[in-house]
Every structure is written in structure tokens, then in C-alpha cells.
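The file entry.tsv contains TSV, C-alpha atoms:
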```
chain	number	residue	atom	x	y	z
A	253	MET	CA	12.32	137.28	38.94
A	254	ASP	CA	11.26	139.51	41.81
A	255	ILE	CA	9.97	137.74	44.88
A	256	ASN	CA	6.98	139.11	46.76
A	257	LEU	CA	7.17	138.46	50.45
A	258	GLY	CA	3.43	138.40	50.82
A	259	THR	CA	3.19	135.14	48.86
A	260	LEU	CA	5.70	133.23	50.99
A	261	ARG	CA	5.29	131.23	54.14
A	262	SER	CA	7.63	131.70	57.06
A	263	PRO	CA	8.59	128.76	59.27
A	264	ASN	CA	8.63	131.11	62.25
A	265	SER	CA	4.95	131.98	61.82
A	266	SER	CA	3.51	128.44	61.82
A	267	GLY	CA	2.82	128.46	58.10
A	268	VAL	CA	0.72	131.61	58.22
A	269	LEU	CA	1.04	133.83	55.16
A	270	MET	CA	3.01	136.99	55.79
A	271	SER	CA	0.90	140.12	55.88
A	272	TYR	CA	3.77	142.27	54.66
A	273	GLY	CA	3.94	142.26	50.88
A	274	PRO	CA	6.80	144.29	49.39
A	275	SER	CA	9.34	142.66	47.12
A	276	VAL	CA	12.86	141.86	48.24
A	277	ALA	CA	14.23	144.75	46.16
A	278	GLU	CA	11.72	147.21	47.63
A	279	LEU	CA	12.39	146.15	51.19
A	280	ALA	CA	16.15	145.58	51.29
A	281	GLY	CA	17.39	147.56	48.29
A	282	GLY	CA	17.39	150.93	50.04
A	283	ILE	CA	19.21	149.82	53.16
A	284	GLU	CA	21.77	147.88	51.10
A	285	MET	CA	22.60	150.98	49.07
A	286	GLY	CA	22.78	152.99	52.28
A	287	VAL	CA	25.28	150.57	53.82
A	288	LEU	CA	27.46	150.60	50.69
A	289	ILE	CA	27.49	154.40	50.38
A	290	SER	CA	28.10	154.84	54.10
A	291	ALA	CA	31.01	152.39	53.86
A	292	ALA	CA	32.61	154.61	51.20
A	293	LEU	CA	32.02	157.69	53.36
A	294	TYR	CA	33.49	155.82	56.31
A	295	GLY	CA	36.75	155.62	54.37
A	296	ILE	CA	36.74	159.42	54.18
A	297	THR	CA	36.08	159.52	57.91
A	298	VAL	CA	39.14	157.35	58.56
A	299	VAL	CA	41.31	159.63	56.42
A	300	GLN	CA	39.96	162.67	58.27
A	301	ALA	CA	40.72	160.99	61.60
A	302	CYS	CA	44.30	160.22	60.57
A	303	THR	CA	44.78	163.81	59.43
A	304	TYR	CA	43.49	165.09	62.74
A	305	ALA	CA	45.73	162.71	64.69
A	306	CYS	CA	48.76	164.25	62.97
A	307	ASN	CA	47.76	167.83	63.85
A	308	CYS	CA	46.01	167.60	67.22
A	309	LYS	CA	48.94	167.94	69.61
A	310	ASP	CA	47.85	171.42	70.75
A	311	ASP	CA	44.14	170.57	71.15
A	312	PRO	CA	42.61	170.16	74.62
A	313	LYS	CA	41.81	166.71	75.93
A	314	TYR	CA	38.05	167.18	75.76
A	315	LEU	CA	38.23	167.82	72.01
A	316	LYS	CA	40.42	164.77	71.47
A	317	CYS	CA	37.93	162.70	73.47
A	318	MET	CA	35.08	163.99	71.28
A	319	VAL	CA	36.94	162.97	68.14
A	320	ALA	CA	37.75	159.56	69.61
A	321	ALA	CA	34.09	159.05	70.53
A	322	VAL	CA	32.93	159.98	67.02
A	323	ILE	CA	35.41	157.57	65.42
A	324	LEU	CA	34.41	154.79	67.82
A	325	LEU	CA	30.72	155.33	67.12
A	326	GLU	CA	31.22	155.46	63.36
A	327	SER	CA	33.37	152.31	63.39
A	328	SER	CA	30.78	150.45	65.47
A	329	GLN	CA	28.00	151.58	63.15
A	330	ALA	CA	29.96	150.38	60.12
A	331	ILE	CA	30.36	146.93	61.70
A	332	VAL	CA	26.69	146.74	62.66
A	333	GLY	CA	25.67	147.83	59.14
A	334	VAL	CA	27.66	145.04	57.54
A	335	GLU	CA	26.22	142.51	59.98
A	336	LEU	CA	22.72	143.79	59.28
A	337	ILE	CA	23.09	143.37	55.54
A	338	TYR	CA	24.57	139.90	55.99
A	339	GLN	CA	21.71	138.85	58.24
A	340	MET	CA	19.04	140.22	55.92
A	341	LEU	CA	20.40	139.06	52.56
A	342	ILE	CA	22.57	136.03	53.32
A	343	GLY	CA	20.91	134.73	56.47
A	344	SER	CA	17.47	134.79	54.83
A	345	PHE	CA	18.62	133.56	51.42
A	346	ASP	CA	16.78	130.24	51.75
A	347	ASP	CA	13.68	131.93	53.21
A	348	PRO	CA	13.10	135.45	51.79
A	349	ALA	CA	10.04	135.87	54.00
A	350	GLN	CA	12.39	136.41	56.95
A	351	LEU	CA	13.24	139.79	55.46
A	352	ALA	CA	9.92	141.01	56.80
A	353	ALA	CA	11.19	140.47	60.34
A	354	ILE	CA	13.12	143.17	62.16
A	355	PRO	CA	16.67	141.98	62.99
A	356	ARG	CA	17.62	142.34	66.63
A	357	THR	CA	20.65	144.46	65.73
A	358	THR	CA	18.55	147.01	63.84
A	359	GLY	CA	18.07	149.22	66.88
A	360	ILE	CA	21.82	149.62	67.39
A	361	CYS	CA	22.37	151.75	64.27
A	362	PRO	CA	19.92	154.57	65.17
A	363	LEU	CA	21.19	154.48	68.76
A	364	LEU	CA	24.79	155.04	67.65
A	365	GLU	CA	23.67	157.70	65.17
A	366	ASN	CA	21.72	159.49	67.89
A	367	ILE	CA	24.72	159.68	70.24
A	368	MET	CA	27.09	160.78	67.48
A	369	VAL	CA	24.76	163.53	66.25
A	370	ALA	CA	24.36	164.80	69.82
A	371	ILE	CA	28.16	165.09	70.17
A	372	VAL	CA	28.61	166.92	66.86
A	373	GLN	CA	25.68	169.27	67.36
A	374	GLY	CA	26.87	169.98	70.89
A	375	PHE	CA	30.20	171.06	69.41
A	376	TYR	CA	28.44	173.37	66.96
A	377	ILE	CA	26.28	174.87	69.71
A	378	HIS	CA	29.43	175.56	71.72
A	379	ARG	CA	30.87	177.27	68.65
A	380	ILE	CA	27.82	179.54	68.46
A	381	TRP	CA	28.31	180.37	72.13
A	382	ILE	CA	31.91	181.42	71.47
A	383	LEU	CA	31.12	183.32	68.26
A	384	GLY	CA	28.43	185.26	70.11
A	385	GLN	CA	31.07	186.26	72.72
A	386	ARG	CA	29.03	184.44	75.39
A	387	ARG	CA	26.18	186.93	75.13
A	388	ASN	CA	23.67	184.63	73.40
A	389	LEU	CA	22.78	182.35	76.29
A	390	TRP	CA	19.11	182.26	75.30
A	391	LEU	CA	19.98	180.90	71.84
A	392	VAL	CA	22.28	178.26	73.31
A	393	ILE	CA	19.60	177.15	75.79
A	394	VAL	CA	16.85	176.94	73.16
A	395	THR	CA	19.03	174.98	70.74
A	396	SER	CA	20.23	172.65	73.50
A	397	VAL	CA	16.66	171.97	74.61
A	398	LEU	CA	15.61	171.16	71.05
A	399	LEU	CA	18.61	168.85	70.62
A	400	SER	CA	17.89	167.11	73.94
A	401	THR	CA	14.25	166.66	72.94
A	402	ARG	CA	15.32	165.13	69.66
A	403	PHE	CA	17.68	162.80	71.52
A	404	GLY	CA	14.86	161.58	73.76
A	405	LEU	CA	12.41	161.10	70.89
A	406	SER	CA	14.98	159.11	68.95
A	407	LEU	CA	15.52	156.81	71.94
A	408	VAL	CA	11.78	156.19	72.16
A	409	ALA	CA	11.58	155.38	68.43
A	410	THR	CA	14.54	153.01	68.78
A	411	SER	CA	12.80	151.17	71.62
A	412	TYR	CA	9.89	150.41	69.29
A	413	LEU	CA	12.26	148.59	66.95
A	414	LEU	CA	12.96	146.17	69.77
A	415	ARG	CA	9.28	145.85	70.62
A	416	PHE	CA	7.89	144.77	67.23
A	417	ARG	CA	8.86	141.70	65.23
A	418	LEU	CA	7.83	142.81	61.71
A	419	TRP	CA	8.52	145.97	59.73
A	420	SER	CA	4.83	146.14	58.84
A	421	GLU	CA	3.95	146.32	62.54
A	422	PHE	CA	6.49	149.07	63.10
A	423	HIS	CA	5.10	151.19	60.26
A	424	THR	CA	1.44	150.51	61.13
A	425	ASN	CA	1.46	150.60	64.93
A	426	GLY	CA	4.82	152.23	65.55
A	427	PRO	CA	5.62	155.75	66.68
A	428	ASN	CA	5.11	157.53	63.37
A	429	ILE	CA	4.57	160.91	65.03
A	430	ILE	CA	7.68	160.41	67.15
A	431	VAL	CA	9.79	159.49	64.11
A	432	HIS	CA	8.58	162.55	62.20
A	433	SER	CA	9.09	164.81	65.21
A	434	SER	CA	12.60	163.48	65.79
A	435	ASN	CA	13.76	164.08	62.23
A	436	GLY	CA	11.91	167.38	62.03
A	437	LEU	CA	13.66	168.65	65.16
A	438	LEU	CA	17.02	167.52	63.80
A	439	ALA	CA	16.46	169.44	60.56
A	440	PHE	CA	15.31	172.47	62.58
A	441	VAL	CA	18.40	172.39	64.80
A	442	ASP	CA	20.60	172.12	61.69
A	443	ALA	CA	18.94	175.23	60.27
A	444	ILE	CA	19.31	177.19	63.53
A	445	VAL	CA	22.99	176.26	63.88
A	446	ALA	CA	23.78	177.20	60.29
A	447	ILE	CA	21.88	180.51	60.37
A	448	ALA	CA	23.33	181.53	63.74
A	449	THR	CA	26.88	180.68	62.66
A	450	ILE	CA	26.50	182.66	59.44
A	451	TYR	CA	25.06	185.62	61.32
A	452	TYR	CA	27.86	185.81	63.88
A	453	LEU	CA	30.57	185.29	61.28
A	454	ARG	CA	29.24	188.09	59.10
A	455	GLN	CA	28.76	190.33	62.10
A	456	GLY	CA	32.26	189.65	63.37
A	457	ALA	CA	34.10	189.85	60.05
A	458	GLY	CA	32.89	193.36	59.31
A	459	PHE	CA	34.94	195.09	56.63
A	460	ASN	CA	38.35	193.86	57.73
A	461	PRO	CA	40.26	192.90	54.56
A	462	SER	CA	42.51	190.53	56.51
A	463	THR	CA	39.57	188.36	57.56
A	464	ASP	CA	37.14	188.68	54.66
A	465	GLY	CA	38.66	185.78	52.71
A	466	VAL	CA	38.65	183.46	55.72
A	467	ALA	CA	35.12	184.50	56.67
A	468	ARG	CA	33.85	183.77	53.15
A	469	TRP	CA	35.51	180.34	53.22
A	470	ILE	CA	33.98	179.47	56.60
A	471	LEU	CA	30.58	180.76	55.51
A	472	MET	CA	30.68	178.59	52.40
A	473	TYR	CA	31.67	175.54	54.43
A	474	VAL	CA	28.94	176.13	57.03
A	475	VAL	CA	26.26	176.61	54.37
A	476	ASN	CA	27.26	173.49	52.44
A	477	SER	CA	27.62	171.18	55.45
A	478	GLY	CA	24.46	172.50	57.09
A	479	ALA	CA	22.47	172.15	53.88
A	480	ILE	CA	23.62	168.55	53.36
A	481	THR	CA	22.63	167.41	56.85
A	482	PHE	CA	19.35	169.36	56.63
A	483	VAL	CA	18.44	167.67	53.34
A	484	ALA	CA	19.41	164.25	54.72
A	485	ALA	CA	17.23	164.66	57.82
A	486	THR	CA	14.34	165.84	55.65
A	487	ALA	CA	14.84	162.89	53.27
A	488	VAL	CA	14.59	160.43	56.17
A	489	MET	CA	11.29	161.97	57.23
A	490	VAL	CA	9.88	162.01	53.69
A	491	THR	CA	10.91	158.48	52.71
A	492	TYR	CA	9.54	157.08	55.97
A	493	SER	CA	6.14	158.61	55.16
A	494	VAL	CA	5.98	158.14	51.39
A	495	MET	CA	7.62	154.70	51.17
A	496	PRO	CA	6.32	152.72	54.17
A	497	GLU	CA	7.15	149.36	52.53
A	498	SER	CA	10.80	150.25	52.01
A	499	LEU	CA	13.79	150.51	54.34
A	500	LEU	CA	15.26	153.37	52.33
A	501	PHE	CA	14.89	155.67	55.34
A	502	SER	CA	17.28	153.42	57.29
A	503	GLY	CA	19.87	153.62	54.50
A	504	ILE	CA	19.64	157.42	54.44
A	505	LEU	CA	20.01	157.44	58.23
A	506	LEU	CA	23.32	155.59	57.92
A	507	ILE	CA	24.55	158.04	55.28
A	508	MET	CA	23.46	161.04	57.35
A	509	SER	CA	25.58	159.83	60.25
A	510	ARG	CA	28.66	159.91	58.01
A	511	PHE	CA	27.80	163.46	56.91
A	512	TYR	CA	27.84	164.68	60.50
A	513	ALA	CA	31.10	162.90	61.32
A	514	ASN	CA	32.91	164.19	58.22
A	515	SER	CA	31.58	167.70	58.75
A	516	PHE	CA	32.87	167.70	62.32
A	517	LEU	CA	36.32	166.33	61.43
A	518	GLY	CA	36.55	168.57	58.37
A	519	THR	CA	35.94	171.62	60.55
A	520	LEU	CA	38.86	170.66	62.81
A	521	ASN	CA	41.22	169.73	59.98
A	522	ALA	CA	40.56	172.98	58.10
A	523	ARG	CA	42.22	175.03	60.82
A	524	SER	CA	45.76	174.40	59.58
A	525	MET	CA	44.81	175.65	56.13
A	526	LEU	CA	43.04	178.70	57.52
A	527	ARG	CA	46.01	179.57	59.71
A	528	THR	CA	48.06	180.11	56.58
A	529	ARG	CA	45.41	182.47	55.21
A	530	LEU	CA	45.00	184.44	58.39
A	531	ASN	CA	48.00	185.30	60.54
A	532	THR	CA	45.98	184.97	63.71
A	533	THR	CA	45.88	182.43	66.51
A	534	VAL	CA	43.09	179.94	65.98
A	535	PRO	CA	41.24	178.75	69.10
A	536	SER	CA	41.39	175.03	69.83
A	537	PHE	CA	37.70	174.51	69.11
A	538	GLY	CA	38.20	175.46	65.46
A	539	THR	CA	36.46	178.85	65.48
A	540	TYR	CA	38.02	182.19	64.62
A	541	LYS	CA	37.33	185.17	66.81
A	542	LEU	CA	36.60	187.34	63.81
A	543	SER	CA	34.58	189.78	65.86
A	544	MET	CA	37.57	190.41	68.13
A	545	ILE	CA	39.78	191.01	65.12
A	546	SER	CA	37.27	193.42	63.63
A	547	LYS	CA	36.92	195.38	66.86
A	548	ARG	CA	40.66	195.72	67.26
A	549	THR	CA	41.03	196.88	63.68
A	550	THR	CA	38.24	199.43	64.16
A	551	TYR	CA	39.90	200.65	67.34
A	552	ASN	CA	43.24	201.10	65.58
A	553	SER	CA	41.61	202.93	62.68
A	554	ALA	CA	39.82	205.30	65.05
A	555	ARG	CA	42.99	205.89	67.02
A	556	VAL	CA	44.97	206.71	63.88
A	557	ALA	CA	42.20	208.95	62.56
A	558	SER	CA	42.04	210.89	65.84
A	559	MET	CA	45.77	211.58	65.90
A	560	LYS	CA	46.69	215.21	65.29
A	561	PRO	CA	49.24	215.96	62.57
A	562	PRO	CA	52.73	216.64	63.95
A	563	PRO	CA	53.98	220.21	64.14
A	564	LEU	CA	56.40	221.50	61.55
A	565	SER	CA	59.27	221.47	64.02
A	566	TYR	CA	59.10	217.82	64.64
A	567	ASN	CA	61.85	215.24	65.02
A	568	TYR	CA	61.95	212.88	62.06
A	569	ASN	CA	63.76	210.13	63.97
A	570	ASN	CA	61.19	210.09	66.79
A	571	ALA	CA	58.36	210.04	64.25
A	572	THR	CA	59.89	207.08	62.47
A	573	ARG	CA	60.17	205.14	65.71
A	574	SER	CA	56.58	206.05	66.62
A	575	ASP	CA	55.28	204.86	63.25
A	576	GLU	CA	57.18	201.60	63.58
A	577	THR	CA	55.70	201.07	67.04
A	578	THR	CA	52.18	201.62	65.73
A	579	ARG	CA	52.72	199.19	62.88
A	580	SER	CA	54.07	196.54	65.24
A	581	GLU	CA	51.05	196.91	67.55
A	582	GLU	CA	48.66	196.56	64.62
A	583	ALA	CA	50.56	193.54	63.37
A	584	ALA	CA	50.26	191.94	66.81
A	585	TYR	CA	46.49	192.18	66.55
```
Please lay out the structure from this file as C-alpha cells.
Amino acid sequence: MDINLGTLRSPNSSGVLMSYGPSVAELAGGIEMGVLISAALYGITVVQACTYACNCKDDPKYLKCMVAAVILLESSQAIVGVELIYQMLIGSFDDPAQLAAIPRTTGICPLLENIMVAIVQGFYIHRIWILGQRRNLWLVIVTSVLLSTRFGLSLVATSYLLRFRLWSEFHTNGPNIIVHSSNGLLAFVDAIVAIATIYYLRQGAGFNPSTDGVARWILMYVVNSGAITFVAATAVMVTYSVMPESLLFSGILLIMSRFYANSFLGTLNARSMLRTRLNTTVPSFGTYKLSMISKRTTYNSARVASMKPPPLSYNYNNATRSDETTRSEEAAY
């Protein structure tokens, strides 16, 4: 039998009937599924972290600190998610009307998610800066401003969770415009990062056969990871608007945090595999300088094409040594 919270009395409200009337399944079902799915994805995050720990000896300290921060934030969010579910389902077992109240720990999850997303997106913006050969400062500034604005709006929305006591008050009198703007900006930043990365990778790869396979693999990974986070951010915005009596948006928010963490760690762990496919030094931030490779290959092709054919009275031994020198220079590139 489904229990409607609007028909129950809460001892914390002096016997007044609750004004919030969704069922227990409608209110807590979405966030429970979100915690369970995010717990499974957290296991993947732990595996990714262990893989990175085994291959990170050559990475700079700032990158290791970023990974450590992401793991710490994800672990803290997993603990808070379990505590939240326990408080909502077990702590209110004898009084289901308490589900209508906002737990005090609810604001911690979006706060941790906000910090973690800022770290990951900052890494991706830095990658765009490197891929653009440090000539796209305007794009980096615009994307950073949008990300900073989203960070501030998310903090404001989180503060409202601490201000109101009931979910109905948060949905009715809360910062609906701020919540929509925050998630809309996040989806927009995801789209900009994905499109810019694809553009610079395609521009840099050119027609170099030695980098086409790696470029296609990176493009596929960027498209898939960017699309997943974009859809997740859009789903949070839609469910918050269409399902105001459900906490499904909170469950999707927990899952979206895992998507960002796994995308970030997957990008770093993929370098060892890509090194075997491309005999080129991979920068520590996990991005290939495909444009540099393409330019060097174009330069070599132009140099070889502009070479005059040797005269008929030409020394075969010297020519052999010259050809070997050219091949060794091209191999070094």
C-alpha cells in the first residue's frame, strides 16, 4: 500500500497536516535509485583511480593533486549519499511524513558535485588551451567565465536547501530560475568543450596517417563523454521542472557527478594505450599535440618534394647515407 504524505501528521509540526502530498515512492524512489547507481559507478571510479596510481609516476604534482581531490570528493559524496538514504528511509520509518522535510546533509551533495565538476571542467578548458596552441585565449576566457558563473549559481541554490525545511517550500519558493540557469550553463559549457576539442583535434590531425587512428579514437571518446554529461545536466533541469514532487533530479545529480569523475580519470588512463598506437611523446595532461605532428609531417613532405633529383654522376654511398639521415629525422618527429 502506497502512503501519501499529505494524509499524515508530523510530530514536528504540532499535529498540522503536511501540505506536501506525494507518495513515499514518488518522493524518495528517484533519489534512492540515484544513490544505488552512483554507488556502482563509484566502484568504477575506484578502479580507475587504482589504474592511474600505477601509471602516474611521470605526471606533474598538480595533476596528481587534481586526481586526489576528485577521489576525495567522490568518496565523501558516496558516504553522504548513503547517510542521506538511511536518514530518509530508515530514520523516518515510523513517521513517513518526515520524508517531506529536507535533511540537513542534503546540501553537502550538490556542494561536493559543484567543486568536482569545476575541477574536471577546468582540466578540459586547459586541454582546449593547449590544443589551440595557446592562441585561443578568448575561448578560454569565455568558457571559464561561464563555468565560474555556474559555480556561483550552484552555491546560491545549495544555500536555499539549508534555508527551507520542506521540499515543497524549496520547489515553490526556492530559486527555480537559479537552478535552471545553473544546469543550463553546465550543459552549455559541456557542449562548448566538446565542440572545441573536436575542432582542434580535426584541425591538428590533418591527413597524417600516423595520427588519424589516434585522432578518431580521441574524437569518439570526447563525443561520447561530452554527450553523456550534457544529457545528464539536461535531465536534471527537465526533471526538476516536470516532476516537482519527486527527488529524481537529486538522484540524477549524484549519477552525473560520477560521469564527470570517470570521464576525467578515463582520459588520463587512456594515455598508456594511445602511446602504443602512436609512437609519440604524450604530454602529461593527457592531450596529444596532433597539430604539431601534422605541421612537422607537412614540412618534411614539402622539403622532400622541393629536393632536386641527383645528377647522374652521383655517389651512391653518400646518397644512401643521406636517405638514412632523412628517414631518421622523420622518425624522430
Exercise. Show which residues sit within 6 Å of Ala439 (chain A), as a list in words. Count only C-alpha atoms, and ignore same-chain residues fewer than 3 positions away.
Key: Gly436, Asp442, Phe482 and Ala485 of chain A
Axis-aligned box for region 406-416 of chain A, 5 Å per side, centre and edges in Å as lines of an AutoDock Vina configuration file:
```
center_x = 11.7
center_y = 151.9
center_z = 69.6
size_x = 17.6
size_y = 24.3
size_z = 15.2
```
Self-check item: Residue neighbourhood Ile354 (chain A), 8 Å, all atoms listed in the file, exclusion window fewer than 3 positions, as a ChimeraX atom specification
Solution: /A:351,358,413,416-419
Quiz item: Using only C-alpha atoms, which of the listed residues (A:Ala484, A:Cys308, A:Ile507, A:Ala277) sits closest to Ser524 (chain A)?
Solution: A:Cys308
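Taking CA of Ser434 (chain A) and CA of Met489 (chain A) as endpoints, the distance between them is 8.8 Å.
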Quiz prompt | Shell around Leu405 (chain A) at 12 Å using all atoms listed in the file, local window under 2 positions removed, as a PyMOL selection string | solution = chain A and resi 362-363+366+398-403+407-412+427-438
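Between CA of Cys361 (chain A) and CA of Ser328 (chain A) the interatomic distance comes to 8.6 Å.
The spacing separating CA of Tyr452 (chain A) from CA of Leu383 (chain A) amounts to 6.0 Å.
Checking A:Arg379, A:Lys316, A:Arg523, A:Arg387 one by one against Ile450 (chain A), counting all atoms listed in the file, you find the shortest gap at A:Arg379.
Among the candidate residues A:Ile393, A:Leu324, A:Leu499, A:Ala479, the one lying nearest to His378 (chain A) is A:Ile393, with distances computed using all atoms listed in the file.
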Practice problem: May I have the residues within 12 Å of Thr303 (chain A) as a ChimeraX atom specification, using only C-alpha atoms and disregarding those fewer than 2 positions away in the same chain? | Solution: /A:296-301,305-309,319,514,517-524
